[in-house]
Amino acid sequence: VRHCLAVRAIPTSSWPLVLTACCDAAECQEAAIAVITELGEDASLRDWAEDCSRKPSLPAGFRLRIYARYAETSSPTWQSLQLSAEAALLKGEQLPPEALCLLDAPRLWPQLLARRAVLAAGALLDASPHGCGDSEEVTLLADAVLRNGSQSEARAACAILESLRGAPAGKLLAALSARQPLHLLDGLPAPESQLHEAAALLAVRYGDCRVPSLVLPLLDCACALLPEVLSAAAALEAWTQGWWESKAQAAIAKWSFADLEALLTAGPWKDTEVLARLISAWLEAPHDQMERFPVGDAGAWDKAGSLQMCGLGFRV
């Protein structure tokens with residue numbers, strides 16, 4: 001099709017028949033756009049393009065681009081095509097950048113963030129950066145994806161952070177999600193505090209004990225109670241020693257009874273002296289009894305009588 005257009009091998013009046021025969025094939029749709037762009041002033045081609053834009057069997061992004069070549073972009077038909085393309089994107093259909101830049105990005109962006117559609121959000125941000133703003137929802141999206149998403153989704157989340165907040169915002173997270181060598185992680189700045197737990201999870205799931213040893217000391221104290229880190233501390237894995245207990249001591253005043261239960265049940269603990277020090281610090285922290293054992297915690301008052309777990313026999 002492109003060759004025929006370039007050498008003018010097909011009369012303009014015959015193009016509608018040619019395009020009708022081939023535009024259902026995805027590989028021919030870009031060529032059809034090129035024909036409409038170059039010869040769209042022809043009345044027969046405009047009629048074909050209008051019919052094509054109303055054909056529901058064709059991809060919504062293709063129909064929107066066809067319509068944009070020959071019609072006003074403020075008509076009810078345009079708005080309907082926009083909504084159809086946006087709905088297709090929200091359902092997971094991939095749209096080319098040329099279609100994404102025709103969408104109403106300020107309207108679509110919050111919906112993509114709320115649905116955790118990180119790949120589509122990244123593509124929309126690249127196509128329409130001025131219509132996509134930073135917000136708390138961006139942080140929530142990145143946190144959810146970095147914890148539980150695929151590697152490609154994690155890369156997209158890091159790219160969004162870097163695009164909206166600058167390169168340092170996602171550098172360490174991007175390196176961890178890509179499992180880069182240890183020497184490339186050294187010296188990278190920690191992400192914002194709301195993403196520290198996601199960074200910690202990436203580090204402990206890395207498969208190389210040197211990585212959490214390098215990364216976790218950079219992060220907030222609250223990360224000391226991650227289940228994976230707790231299990232490693234209970235097993236006396238070398239990379240948890242020293243700095244982990246110091247982090248736990250620093251965070252202990254904020255611990256709830258649920259946190260203490262997590263500590264007690266992470267074992268079996270190979271070094272009960274560490275456990276004893278942490279429980280003593282928790283008991284001595286400036287909590288009142290209601291803070292330690294809230295009424296809403298089922299069974300907490302029964303547990304309040306004594307902490308017999310692990311044979312330590314602490315009294316409350």
# chains A, B, ... in the order shown; residues from 1 in each chain; ligands from 1

$ residues_around --residues "region 85-93 of chain A" --least-positions-apart "3" --cutoff "9 Å" --atoms "only C-alpha atoms" --output "list of chain:residue names"
A:Pro59, A:Ala60, A:Gly61, A:Phe62, A:Arg63, A:Leu64, A:Ser80, A:Leu81, A:Gln82, A:Ala99, A:Leu100, A:Leu103, A:Asp104, A:Leu108, A:Gln111, A:Leu112, A:Arg115, A:Ala117, A:Ala120

$ write_last_selection --atoms "all heavy atoms" --output "compact mmCIF listing (two decimals), in the first residue's frame"
# COMPACT_ATOMS: atom_id res chain seq x y z
N PRO A 59 -10.32 -1.39 15.33
CA PRO A 59 -9.83 -0.92 16.64
C PRO A 59 -10.22 0.53 16.90
O PRO A 59 -10.18 1.38 15.99
CB PRO A 59 -8.31 -1.07 16.52
CG PRO A 59 -8.11 -2.11 15.47
CD PRO A 59 -9.23 -1.94 14.50
N ALA A 60 -10.57 0.83 18.15
CA ALA A 60 -11.04 2.17 18.51
C ALA A 60 -9.97 3.22 18.25
O ALA A 60 -10.27 4.33 17.79
CB ALA A 60 -11.45 2.19 19.98
N GLY A 61 -8.71 2.89 18.53
CA GLY A 61 -7.63 3.86 18.30
C GLY A 61 -7.47 4.18 16.82
O GLY A 61 -7.23 5.34 16.45
N PHE A 62 -7.61 3.19 15.95
CA PHE A 62 -7.50 3.40 14.51
C PHE A 62 -8.65 4.28 14.02
O PHE A 62 -8.45 5.22 13.23
CB PHE A 62 -7.51 2.05 13.80
CG PHE A 62 -7.55 2.14 12.30
CD1 PHE A 62 -6.51 2.70 11.59
CD2 PHE A 62 -8.64 1.66 11.59
CE1 PHE A 62 -6.54 2.79 10.20
CE2 PHE A 62 -8.69 1.74 10.20
CZ PHE A 62 -7.64 2.30 9.51
N ARG A 63 -9.86 4.02 14.50
CA ARG A 63 -11.01 4.82 14.07
C ARG A 63 -10.86 6.27 14.52
O ARG A 63 -11.22 7.20 13.78
CB ARG A 63 -12.31 4.21 14.63
CG ARG A 63 -12.67 2.88 13.99
CD ARG A 63 -14.03 2.37 14.42
NE ARG A 63 -14.01 1.86 15.78
CZ ARG A 63 -14.87 2.22 16.72
NH1 ARG A 63 -15.80 3.14 16.47
NH2 ARG A 63 -14.81 1.69 17.92
N LEU A 64 -10.33 6.46 15.72
CA LEU A 64 -10.12 7.83 16.21
C LEU A 64 -9.10 8.56 15.35
O LEU A 64 -9.29 9.74 15.00
CB LEU A 64 -9.64 7.76 17.66
CG LEU A 64 -9.43 9.10 18.38
CD1 LEU A 64 -10.77 9.79 18.61
CD2 LEU A 64 -8.72 8.88 19.72
N SER A 80 -17.49 10.79 21.09
CA SER A 80 -17.88 9.38 21.21
C SER A 80 -16.71 8.46 20.88
O SER A 80 -16.48 7.45 21.57
CB SER A 80 -19.07 9.09 20.30
OG SER A 80 -19.40 7.72 20.31
N LEU A 81 -15.97 8.80 19.82
CA LEU A 81 -14.81 7.98 19.44
C LEU A 81 -13.71 8.05 20.51
O LEU A 81 -13.04 7.06 20.79
CB LEU A 81 -14.26 8.45 18.09
CG LEU A 81 -15.11 8.10 16.86
CD1 LEU A 81 -14.59 8.83 15.63
CD2 LEU A 81 -15.10 6.59 16.63
N GLN A 82 -13.54 9.23 21.09
CA GLN A 82 -12.58 9.37 22.19
C GLN A 82 -12.94 8.44 23.35
O GLN A 82 -12.09 7.71 23.87
CB GLN A 82 -12.58 10.81 22.70
CG GLN A 82 -11.45 11.66 22.18
CD GLN A 82 -11.35 12.95 22.97
OE1 GLN A 82 -12.33 13.47 23.50
NE2 GLN A 82 -10.15 13.49 23.04
N ALA A 99 -2.50 7.48 18.70
CA ALA A 99 -3.88 7.48 19.19
C ALA A 99 -3.95 8.00 20.62
O ALA A 99 -4.88 8.73 20.99
CB ALA A 99 -4.46 6.07 19.11
N LEU A 100 -2.97 7.65 21.43
CA LEU A 100 -2.98 8.09 22.83
C LEU A 100 -2.95 9.60 22.96
O LEU A 100 -3.59 10.17 23.84
CB LEU A 100 -1.77 7.49 23.56
CG LEU A 100 -1.82 5.98 23.83
CD1 LEU A 100 -0.47 5.49 24.33
CD2 LEU A 100 -2.90 5.64 24.84
N LEU A 103 -6.36 11.37 23.00
CA LEU A 103 -7.30 11.12 24.09
C LEU A 103 -7.32 12.30 25.06
O LEU A 103 -6.44 13.15 25.06
CB LEU A 103 -6.91 9.84 24.83
CG LEU A 103 -6.84 8.57 23.99
CD1 LEU A 103 -6.45 7.38 24.86
CD2 LEU A 103 -8.16 8.29 23.28
N ASP A 104 -8.35 12.32 25.90
CA ASP A 104 -8.46 13.35 26.94
C ASP A 104 -7.65 12.87 28.15
O ASP A 104 -8.17 12.23 29.06
CB ASP A 104 -9.93 13.54 27.30
CG ASP A 104 -10.14 14.72 28.24
OD1 ASP A 104 -9.15 15.16 28.88
OD2 ASP A 104 -11.28 15.20 28.36
N LEU A 108 -8.57 10.72 31.63
CA LEU A 108 -8.23 9.30 31.63
C LEU A 108 -7.18 8.94 32.68
O LEU A 108 -7.21 7.85 33.25
CB LEU A 108 -7.73 8.93 30.23
CG LEU A 108 -7.37 7.48 29.95
CD1 LEU A 108 -8.55 6.55 30.21
CD2 LEU A 108 -6.89 7.32 28.50
N GLN A 111 -8.21 7.59 36.11
CA GLN A 111 -8.84 6.26 36.00
C GLN A 111 -7.78 5.17 35.87
O GLN A 111 -7.91 4.10 36.47
CB GLN A 111 -9.77 6.23 34.80
CG GLN A 111 -10.93 7.21 34.87
CD GLN A 111 -11.81 7.13 33.63
OE1 GLN A 111 -12.44 6.11 33.36
NE2 GLN A 111 -11.86 8.20 32.86
N LEU A 112 -6.75 5.43 35.10
CA LEU A 112 -5.68 4.45 34.95
C LEU A 112 -4.95 4.23 36.27
O LEU A 112 -4.59 3.10 36.62
CB LEU A 112 -4.70 4.90 33.86
CG LEU A 112 -5.24 4.94 32.43
CD1 LEU A 112 -4.20 5.55 31.49
CD2 LEU A 112 -5.63 3.55 31.96
N ARG A 115 -7.08 2.12 38.63
CA ARG A 115 -7.16 0.72 38.22
C ARG A 115 -5.81 0.02 38.28
O ARG A 115 -5.70 -1.15 37.92
CB ARG A 115 -7.72 0.63 36.80
CG ARG A 115 -9.17 1.06 36.69
CD ARG A 115 -9.67 0.90 35.28
NE ARG A 115 -11.05 1.34 35.14
CZ ARG A 115 -11.98 0.71 34.46
NH1 ARG A 115 -11.67 -0.41 33.83
NH2 ARG A 115 -13.20 1.18 34.37
N ALA A 117 -3.45 0.38 36.30
CA ALA A 117 -3.09 0.01 34.92
C ALA A 117 -1.78 0.71 34.58
O ALA A 117 -1.74 1.69 33.83
CB ALA A 117 -4.20 0.41 33.95
N ALA A 120 -0.48 1.01 30.75
CA ALA A 120 -1.25 2.00 30.00
C ALA A 120 -0.97 3.41 30.51
O ALA A 120 -0.86 4.36 29.72
CB ALA A 120 -2.75 1.69 30.10

$ select_by_dssp --residues "region 13-200 of chain A" --states "helix (DSSP H, G or I)" --output "NGL selection string"
:A and (13-22 or 26-39 or 43-53 or 60-70 or 76-90 or 97-100 or 105-114 or 118-127 or 129-131 or 136-148 or 151-165 or 167-169 or 171-177 or 182-185 or 193-200)

$ residues_around --residues "region 199-201 of chain A" --least-positions-apart "4" --cutoff "12 Å" --atoms "only C-alpha atoms" --output "PyMOL selection string"
chain A and resi 142-148+154+158+169-177+189-195+205-207+211-229
